[in-house]
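Reproduced below: target05.cif, with mmCIF, C-alpha atoms.
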data_run
loop_
_atom_site.label_atom_id
_atom_site.label_comp_id
_atom_site.auth_asym_id
_atom_site.auth_seq_id
_atom_site.Cartn_x
_atom_site.Cartn_y
_atom_site.Cartn_z
CA MET A 23 71.17 164.08 24.83
CA ARG A 24 74.67 162.95 25.61
CA LYS A 25 77.37 163.28 22.99
CA MET A 26 79.02 160.06 21.83
CA ARG A 27 82.65 160.25 20.79
CA SER A 28 84.83 157.95 18.72
CA GLY A 29 88.03 156.39 19.99
CA GLY A 30 90.05 158.86 17.92
CA SER A 31 88.41 161.77 19.69
CA THR A 32 89.27 160.25 23.06
CA VAL A 33 92.89 159.88 21.99
CA LEU A 34 92.94 163.56 20.98
CA PHE A 35 91.73 164.49 24.47
CA ILE A 36 94.67 162.61 25.98
CA VAL A 37 97.30 163.84 23.51
CA GLY A 38 96.00 167.41 23.47
CA GLY A 39 95.87 167.58 27.25
CA THR A 40 99.37 166.16 27.54
CA PHE A 41 100.74 168.66 25.02
CA LEU A 42 98.98 171.56 26.74
CA VAL A 43 100.17 170.69 30.25
CA SER A 44 103.71 169.88 29.07
CA GLY A 45 103.94 173.06 27.02
CA VAL A 46 102.74 175.25 29.86
CA ALA A 47 105.08 173.56 32.37
CA ALA A 48 108.04 173.89 30.00
CA ALA A 49 107.23 177.55 29.28
CA ILE A 50 107.04 178.32 33.00
CA GLY A 51 110.28 176.44 33.70
CA LEU A 52 112.13 178.09 30.83
CA GLY A 53 110.71 181.49 31.81
CA ILE A 54 112.04 181.07 35.35
CA ALA A 55 115.39 179.85 33.97
CA THR A 56 115.59 182.89 31.69
CA VAL A 57 114.92 185.29 34.56
CA THR A 58 117.32 183.63 37.00
CA SER A 59 120.14 183.03 34.53
CA GLY A 60 119.77 186.20 32.50
CA GLU A 61 120.31 184.13 29.30
CA PRO A 62 118.08 185.64 26.57
CA LEU A 63 118.44 182.59 24.27
CA LEU A 64 116.25 180.63 26.67
CA LEU A 65 113.37 182.78 25.42
CA LEU A 66 113.47 180.70 22.21
CA GLY A 67 112.63 177.69 24.37
CA VAL A 68 109.76 179.60 25.96
CA ALA A 69 108.41 180.39 22.49
CA GLY A 70 108.71 176.73 21.43
CA ALA A 71 107.00 175.54 24.59
CA ALA A 72 104.21 178.08 24.07
CA LEU A 73 103.67 176.74 20.52
CA PHE A 74 103.57 173.20 21.95
CA ALA A 75 100.91 174.33 24.44
CA LEU A 76 98.96 176.05 21.66
CA LEU A 77 99.01 172.85 19.61
CA GLY A 78 97.65 170.99 22.64
CA ALA A 79 94.86 173.53 23.01
CA VAL A 80 93.91 173.15 19.33
CA LEU A 81 93.84 169.33 19.65
CA LEU A 82 91.66 169.62 22.76
CA ALA A 83 89.27 171.96 20.95
CA MET A 84 89.01 169.56 18.01
CA ALA A 85 88.34 166.62 20.35
CA TRP A 86 85.77 168.60 22.35
CA ARG A 87 83.89 169.56 19.20
CA THR A 88 83.74 166.09 17.63
CA GLY A 89 80.83 163.83 18.44
CA VAL A 90 77.39 162.46 17.66
CA VAL A 91 74.12 163.32 19.37
CA LEU A 92 71.12 161.02 18.98
CA GLU A 93 67.94 163.05 19.06
CA ALA A 94 64.33 161.92 18.95
CA ASP A 95 63.90 163.21 15.40
CA GLY A 96 67.33 162.43 13.92
CA ILE A 97 71.07 162.18 14.30
CA GLY A 98 73.42 165.15 14.51
CA TRP A 99 77.20 165.10 14.41
CA THR A 100 80.12 167.43 14.22
CA PRO A 101 83.42 166.35 12.67
CA MET A 102 86.80 167.62 13.87
CA ILE A 103 86.89 170.08 11.01
CA GLY A 104 83.78 171.20 9.18
CA ARG A 105 80.20 172.11 9.86
CA ARG A 106 77.67 170.29 12.01
CA ARG A 107 75.43 167.86 10.15
CA PHE A 108 71.93 166.68 10.96
CA ILE A 109 69.92 163.95 9.24
CA PRO A 110 66.27 163.38 10.21
CA TRP A 111 65.38 159.73 10.91
CA GLY A 112 62.60 160.00 8.31
CA VAL A 113 65.10 160.07 5.44
CA VAL A 114 67.20 157.19 6.82
CA GLN A 115 66.37 153.80 5.37
CA ARG A 116 68.97 151.85 7.32
CA VAL A 117 71.96 152.37 9.62
CA LEU A 118 75.11 150.48 8.61
CA VAL A 119 77.87 149.76 11.13
CA PRO A 120 80.80 148.16 9.27
CA GLY A 121 82.68 145.65 11.44
CA ASP A 122 86.43 145.42 11.78
CA THR A 123 86.89 143.36 8.60
CA ASP A 124 84.08 145.03 6.60
CA PRO A 125 84.73 147.84 4.12
CA GLY A 126 83.93 151.31 5.38
CA SER A 127 85.66 153.40 8.00
CA CYS A 128 82.67 154.71 9.99
CA VAL A 129 78.98 154.41 10.76
CA GLN A 130 76.97 154.99 7.59
CA LEU A 131 73.40 156.08 6.98
CA LEU A 132 71.72 154.58 3.91
CA LEU A 133 69.25 157.26 2.90
CA ARG A 134 65.92 156.57 1.19
CA ASP A 135 67.14 158.33 -1.97
CA GLY A 136 70.03 155.81 -2.27
CA ARG A 137 72.81 158.07 -1.02
CA ILE A 138 75.09 156.98 1.80
CA GLU A 139 75.97 159.54 4.46
CA GLN A 140 79.25 158.91 6.31
CA VAL A 141 79.09 159.69 10.05
CA ARG A 142 82.84 160.25 10.40
CA ALA A 143 82.47 161.35 14.02
CA LEU A 144 81.86 157.63 14.78
CA SER A 145 84.74 155.98 12.97
CA LYS A 146 86.58 152.70 13.36
CA THR A 147 89.85 152.82 15.23
CA LYS A 148 93.04 152.26 13.26
CA HIS A 149 95.12 150.89 16.16
CA GLY A 150 97.45 147.94 16.03
CA GLU A 151 96.03 144.43 16.22
CA SER A 152 96.40 144.12 20.00
CA ASN A 153 94.25 147.20 20.72
CA ARG A 154 91.86 146.80 17.79
CA ARG A 155 89.54 144.24 19.42
CA ILE A 156 88.94 146.45 22.47
CA ALA A 157 88.54 149.61 20.39
CA THR A 158 86.21 147.85 17.94
CA ARG A 159 83.89 146.79 20.75
CA GLY A 160 83.42 150.45 21.73
CA TYR A 161 82.84 151.49 18.12
CA LEU A 162 80.34 148.67 17.57
CA ALA A 163 78.50 149.54 20.82
CA ARG A 164 78.17 153.19 19.73
CA GLY A 165 77.01 152.03 16.28
CA GLN A 166 74.42 149.80 17.94
CA ARG A 167 73.09 152.81 19.85
CA VAL A 168 72.58 154.61 16.52
CA ILE A 169 70.72 151.56 15.12
CA GLU A 170 68.52 151.39 18.24
CA ALA A 171 67.69 155.12 18.08
CA HIS A 172 66.63 154.71 14.44
CA GLN A 173 64.54 151.63 15.29
CA ARG A 174 62.81 153.52 18.14
CA TRP A 175 61.91 156.30 15.71
CA LEU A 176 60.60 153.75 13.16
CA ALA A 177 58.45 152.06 15.83
CA ALA A 178 57.05 155.41 17.00
CA ALA A 179 56.34 156.48 13.41
CA ALA A 180 54.59 153.16 12.68
CA SER A 181 52.40 153.46 15.78
CA HIS A 182 51.27 156.95 14.73
CA HIS A 183 50.22 155.72 11.27
CA GLN A 184 48.15 152.72 12.39
CA PRO A 185 44.39 153.21 12.10
CA ARG A 186 42.54 153.21 15.42
CA PRO A 187 39.61 150.81 15.91
#
Re-express the file's structure as structure tokens.
Amino acid sequence: MRKMRSGGSTVLFIVGGTFLVSGVAAAIGLGIATVTSGEPLLLLGVAGAALFALLGAVLLAMAWRTGVVLEADGIGWTPMIGRRRFIPWGVVQRVLVPGDTDPGSCVQLLLRDGRIEQVRALSKTKHGESNRRIATRGYLARGQRVIEAHQRWLAAAASHHQPRP
């Protein structure tokens, strides 16, 4: 079961990694400068760089945590902040994947009781127009994988309920 990630999660990997590496490099450089120059005020820069690195580490952790896993019996996802969710395929009536111009910001599960569950870990990208078409293709492909997983479960459930001759 491989975890699927949204475009926003991928961006957080890049930004978080950049912040972490830059913060560590700056802290090391400022630490060396403080030692060689004997200027104690440079320690403020080390502290700032360390906070920058810490922010990068937090962004990386959030990106690492976020994602959707399609399982044989349902769909599980973890948002950036919050608890993991799991919905069994048996309570899902239909999977909705809003397109770029459709209302809705993420993949949605229409449940048999009429509620709609938002799978925010698979959300549409909010990039500028030039990047939106490329990002939307990835989002739609991941949404299609959710639809196909649900359809496979429905087909398997239907085959188990057919009477045998």
Carefully work through the PyMOL selection byres ((chain A and resi 127) around 7) for this structure and note down the residues it includes, as an NGL selection string. :A and (125-126 or 128 or 145-146)
Between atom CA of A:Thr123 and atom CA of A:Thr32, measure the distance and give it in Å to one decimal.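 Computed distance, atom CA of A:Thr123 to atom CA of A:Thr32, equals 22.4 Å.
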Matched chain/residue IDs from the PyMOL selection byres ((chain A and resi 161) around 9), as a compact mmCIF listing (two decimals) with C-alpha atoms, in the frame of the given file:
# COMPACT_ATOMS: atom_id res chain seq x y z
CA SER A 28 84.83 157.95 18.72
CA GLY A 29 88.03 156.39 19.99
CA VAL A 119 77.87 149.76 11.13
CA GLY A 121 82.68 145.65 11.44
CA CYS A 128 82.67 154.71 9.99
CA VAL A 129 78.98 154.41 10.76
CA LEU A 144 81.86 157.63 14.78
CA SER A 145 84.74 155.98 12.97
CA LYS A 146 86.58 152.70 13.36
CA THR A 147 89.85 152.82 15.23
CA ALA A 157 88.54 149.61 20.39
CA THR A 158 86.21 147.85 17.94
CA ARG A 159 83.89 146.79 20.75
CA GLY A 160 83.42 150.45 21.73
CA LEU A 162 80.34 148.67 17.57
CA ALA A 163 78.50 149.54 20.82
CA ARG A 164 78.17 153.19 19.73
CA GLY A 165 77.01 152.03 16.28
CA GLN A 166 74.42 149.80 17.94
If you take every atom of stretch 57-71 of chain A that the file lists and fit an axis-aligned box around them with 3 Å extra on each side, what centre and edge lengths come out in Å to one decimal, as lines of an AutoDock Vina configuration file?
center_x = 113.7
center_y = 180.9
center_z = 29.2
size_x = 19.3
size_y = 16.7
size_z = 21.6
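The spacing separating atom CA of A:Ala179 from atom CA of A:Ala143 amounts to 26.6 Å.
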To test your reading of the syntax: which residues would the PyMOL selection byres ((chain A and resi 109) around 12) return for the file shown? Reply as a PDB file with C-alpha atoms, in the frame of the given file.
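Just written: expr.pdb:
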ATOM      1  CA  VAL A  90      77.390 162.460  17.660  1.00  0.00           C
ATOM      2  CA  VAL A  91      74.120 163.320  19.370  1.00  0.00           C
ATOM      3  CA  LEU A  92      71.120 161.020  18.980  1.00  0.00           C
ATOM      4  CA  GLU A  93      67.940 163.050  19.060  1.00  0.00           C
ATOM      5  CA  ALA A  94      64.330 161.920  18.950  1.00  0.00           C
ATOM      6  CA  ASP A  95      63.900 163.210  15.400  1.00  0.00           C
ATOM      7  CA  GLY A  96      67.330 162.430  13.920  1.00  0.00           C
ATOM      8  CA  ILE A  97      71.070 162.180  14.300  1.00  0.00           C
ATOM      9  CA  GLY A  98      73.420 165.150  14.510  1.00  0.00           C
ATOM     10  CA  TRP A  99      77.200 165.100  14.410  1.00  0.00           C
ATOM     11  CA  THR A 100      80.120 167.430  14.220  1.00  0.00           C
ATOM     12  CA  ARG A 106      77.670 170.290  12.010  1.00  0.00           C
ATOM     13  CA  ARG A 107      75.430 167.860  10.150  1.00  0.00           C
ATOM     14  CA  PHE A 108      71.930 166.680  10.960  1.00  0.00           C
ATOM     15  CA  PRO A 110      66.270 163.380  10.210  1.00  0.00           C
ATOM     16  CA  TRP A 111      65.380 159.730  10.910  1.00  0.00           C
ATOM     17  CA  GLY A 112      62.600 160.000   8.310  1.00  0.00           C
ATOM     18  CA  VAL A 113      65.100 160.070   5.440  1.00  0.00           C
ATOM     19  CA  VAL A 114      67.200 157.190   6.820  1.00  0.00           C
ATOM     20  CA  GLN A 115      66.370 153.800   5.370  1.00  0.00           C
ATOM     21  CA  VAL A 117      71.960 152.370   9.620  1.00  0.00           C
ATOM     22  CA  GLN A 130      76.970 154.990   7.590  1.00  0.00           C
ATOM     23  CA  LEU A 131      73.400 156.080   6.980  1.00  0.00           C
ATOM     24  CA  LEU A 132      71.720 154.580   3.910  1.00  0.00           C
ATOM     25  CA  LEU A 133      69.250 157.260   2.900  1.00  0.00           C
ATOM     26  CA  ARG A 134      65.920 156.570   1.190  1.00  0.00           C
ATOM     27  CA  ILE A 138      75.090 156.980   1.800  1.00  0.00           C
ATOM     28  CA  GLU A 139      75.970 159.540   4.460  1.00  0.00           C
ATOM     29  CA  GLN A 140      79.250 158.910   6.310  1.00  0.00           C
ATOM     30  CA  VAL A 141      79.090 159.690  10.050  1.00  0.00           C
ATOM     31  CA  HIS A 172      66.630 154.710  14.440  1.00  0.00           C
TER      32      HIS A 172
END
Which of these, A:Ile169, A:Gly136, A:Val80, A:Ala72, has the shortest distance to A:Val37 once you count all atoms listed in the file?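 Among A:Ile169, A:Gly136, A:Val80, A:Ala72, it is A:Val80 that comes nearest to A:Val37.
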From A:Val68, A:Met84, A:Ala171, A:Ala79, residue lying nearest A:Ala47 [only C-alpha atoms]: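 Among the listed residues, the smallest separation from A:Ala47 belongs to A:Val68.
The residue that comes closest to A:Thr56, out of A:Ser44, A:Leu81, A:Arg174, A:Ala69 and on the basis of only C-alpha atoms, is A:Ala69.
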Applying 12 Å and all atoms listed in the file, which residues near A:Gly70 remain after dropping the ones on its own chain fewer than 2 positions away? List them as a PyMOL selection string. chain A and resi 41+44-50+52-53+63-68+72-77
For atom CA of A:Phe35 and atom CA of A:Met102, the interatomic separation in Å (one decimal): 12.1 Å
